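Data block below; observations after.
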Amino acid sequence: MADESDDREESDDEKLDRNWDELLQELRITQTGLQLLSGFMLTLAFTPVFAGLDGRQKALYLTLVVVAGIAVGLNMLPVMLHRRVFGRHVKERVVQVGHVVSQVVIAAVAVLVTGTVTLIFSVVVDWTAGILVALGLTRVRGTVLGVIPRRFEPR
């Protein structure tokens with residue numbers, strides 16, 4: 001049965017398959033960014049610069065490592081969920097959960113990027129610069145991830 005709000009001629013199952021495929025593509029995109037950021041975060045502790053970080057920088061670093069670990073795990077959740085319930089005819093629920101989880105992952109990546117940039121500025125310049133950049137990035141992130149998508153929602 002075709003979705004009346006969409007002019008495509010597809011059954012409910014075809015729509016679910018298309019939505020699942022689109023979700024997987026989005027997860028692949030976030031996975032690349034997560035891998036790069038997580039790799040950077042994991043190697044930082046083994047560089048000579050790390051010993052010179054102050055207590056707040058180390059706390060921020062460790063927080064970001066945890067955020068990265070959670071984000072990587074969440075990014076894999078929809079695929080694992082699909083694997084666990086494959087063939088049980090619950091794709092609609094898997095797509096719904098995947099949709100929510102992908103939004104959480106995107107938010108986590110945004111936090112991870114902002115935190116990483118804050119850490120870098122605090123090391124290279126000072127904490128004031130790091131905090132100012134964090135505030136600026138948070139504002140930009142709020143606009144890009146919050147305000148702009150809301151303008152595309154149907155009224």
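Scheme for the structure tokens: letters A, B, ... for chains in order shown; per-chain residue numbers from 1; ligand numbers from 1 in order shown.
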Exercise. Which residues in chain A does DSSP call helix (DSSP H, G or I)? List them as a PyMOL selection string.
Worked result: chain A and resi 12-44+48-52+55-84+91-124+127-151
Restricting it to C-alpha atoms, dump the selection as a short mmCIF file (atom, residue, chain, number, x, y, z; two decimals), in the first residue's frame.
```cif
data_model
loop_
_atom_site.label_atom_id
_atom_site.label_comp_id
_atom_site.auth_asym_id
_atom_site.auth_seq_id
_atom_site.Cartn_x
_atom_site.Cartn_y
_atom_site.Cartn_z
CA ASP A 12 4.93 -0.61 3.06
CA ASP A 13 7.68 -3.24 2.85
CA GLU A 14 9.38 -1.40 -0.02
CA LYS A 15 9.23 1.84 1.96
CA LEU A 16 10.76 0.14 5.00
CA ASP A 17 13.52 -1.34 2.82
CA ARG A 18 14.23 2.09 1.31
CA ASN A 19 14.25 3.75 4.75
CA TRP A 20 16.58 1.06 6.09
CA ASP A 21 18.95 1.50 3.14
CA GLU A 22 18.98 5.28 3.65
CA LEU A 23 19.64 4.85 7.36
CA LEU A 24 22.57 2.51 6.66
CA GLN A 25 24.08 5.04 4.27
CA GLU A 26 23.82 7.75 6.93
CA LEU A 27 25.44 5.47 9.50
CA ARG A 28 28.32 4.83 7.08
CA ILE A 29 28.91 8.57 6.81
CA THR A 30 28.96 9.10 10.57
CA GLN A 31 31.16 6.04 10.99
CA THR A 32 33.97 7.61 8.97
CA GLY A 33 33.97 10.77 11.06
CA LEU A 34 33.79 8.75 14.25
CA GLN A 35 36.71 6.58 13.23
CA LEU A 36 38.88 9.60 12.46
CA LEU A 37 38.01 11.45 15.65
CA SER A 38 38.24 8.36 17.83
CA GLY A 39 41.60 7.44 16.34
CA PHE A 40 42.91 10.93 17.06
CA MET A 41 41.59 10.80 20.62
CA LEU A 42 43.03 7.35 21.31
CA THR A 43 46.51 8.23 20.09
CA LEU A 44 46.77 11.55 21.92
CA PRO A 48 54.81 13.66 24.38
CA VAL A 49 52.39 16.63 24.48
CA PHE A 50 49.96 14.70 26.67
CA ALA A 51 52.23 14.89 29.73
CA GLY A 52 52.02 18.68 29.57
CA GLY A 55 44.11 18.61 34.93
CA ARG A 56 41.14 20.18 33.13
CA GLN A 57 42.58 19.28 29.73
CA LYS A 58 43.09 15.69 30.82
CA ALA A 59 39.55 15.57 32.21
CA LEU A 60 38.18 16.96 28.93
CA TYR A 61 40.27 14.45 27.00
CA LEU A 62 39.01 11.49 29.04
CA THR A 63 35.43 12.71 28.72
CA LEU A 64 35.86 12.91 24.95
CA VAL A 65 37.30 9.38 24.85
CA VAL A 66 34.20 8.14 26.66
CA VAL A 67 31.90 10.11 24.31
CA ALA A 68 33.76 8.62 21.33
CA GLY A 69 33.40 5.10 22.73
CA ILE A 70 29.69 5.57 23.34
CA ALA A 71 29.16 7.10 19.90
CA VAL A 72 30.98 4.25 18.16
CA GLY A 73 28.87 1.70 20.03
CA LEU A 74 25.64 3.55 19.28
CA ASN A 75 26.58 3.85 15.62
CA MET A 76 26.78 0.06 15.42
CA LEU A 77 23.54 -0.51 17.37
CA PRO A 78 21.06 -0.37 14.45
CA VAL A 79 23.08 -2.90 12.46
CA MET A 80 23.44 -5.23 15.46
CA LEU A 81 19.76 -4.85 16.25
CA HIS A 82 18.93 -5.77 12.66
CA ARG A 83 21.18 -8.82 12.87
CA ARG A 84 19.62 -9.98 16.15
CA LYS A 91 11.88 -4.06 10.45
CA GLU A 92 9.56 -1.15 11.17
CA ARG A 93 10.70 -1.10 14.81
CA VAL A 94 14.34 -1.50 13.78
CA VAL A 95 14.05 1.47 11.40
CA GLN A 96 12.34 3.55 14.13
CA VAL A 97 15.03 2.75 16.70
CA GLY A 98 17.76 3.29 14.10
CA HIS A 99 16.29 6.69 13.28
CA VAL A 100 16.46 7.80 16.91
CA VAL A 101 19.90 6.29 17.49
CA SER A 102 21.32 7.95 14.36
CA GLN A 103 20.21 11.33 15.68
CA VAL A 104 21.90 10.64 19.01
CA VAL A 105 25.08 9.61 17.16
CA ILE A 106 25.04 12.82 15.12
CA ALA A 107 24.67 14.83 18.34
CA ALA A 108 27.52 12.86 19.92
CA VAL A 109 29.75 13.54 16.91
CA ALA A 110 28.93 17.24 17.19
CA VAL A 111 29.86 17.20 20.89
CA LEU A 112 33.01 15.25 20.09
CA VAL A 113 34.09 17.72 17.40
CA THR A 114 33.40 20.70 19.63
CA GLY A 115 35.23 19.11 22.56
CA THR A 116 38.20 18.13 20.43
CA VAL A 117 38.52 21.63 18.98
CA THR A 118 38.18 23.07 22.49
CA LEU A 119 40.95 20.80 23.73
CA ILE A 120 43.22 21.73 20.83
CA PHE A 121 42.67 25.47 21.32
CA SER A 122 43.24 25.15 25.07
CA VAL A 123 46.60 23.46 24.40
CA VAL A 124 47.78 25.61 21.51
CA TRP A 127 41.60 28.03 27.92
CA THR A 128 39.92 31.34 27.10
CA ALA A 129 40.37 30.71 23.39
CA GLY A 130 39.18 27.14 23.82
CA ILE A 131 36.01 28.22 25.59
CA LEU A 132 35.28 30.99 23.07
CA VAL A 133 35.69 28.56 20.18
CA ALA A 134 33.48 26.03 21.98
CA LEU A 135 30.74 28.63 22.42
CA GLY A 136 30.99 29.64 18.76
CA LEU A 137 30.90 26.05 17.54
CA THR A 138 27.98 25.27 19.83
CA ARG A 139 26.04 28.15 18.31
CA VAL A 140 26.88 27.06 14.76
CA ARG A 141 26.10 23.43 15.62
CA GLY A 142 22.76 24.43 17.11
CA THR A 143 21.88 26.27 13.93
CA VAL A 144 23.08 23.59 11.53
CA LEU A 145 21.69 20.60 13.40
CA GLY A 146 18.69 22.16 15.09
CA VAL A 147 17.31 25.27 13.43
CA ILE A 148 17.88 24.49 9.75
CA PRO A 149 16.36 20.97 9.82
CA ARG A 150 13.29 22.31 11.66
CA ARG A 151 12.66 24.70 8.77
#
```
Exercise. CA of Leu53 in chain A and CA of Val125 in chain A are how many Å apart?
Worked result: 12.5 Å
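You will find CA of His89 in chain A at 25.3 Å from CA of Asp7 in chain A.
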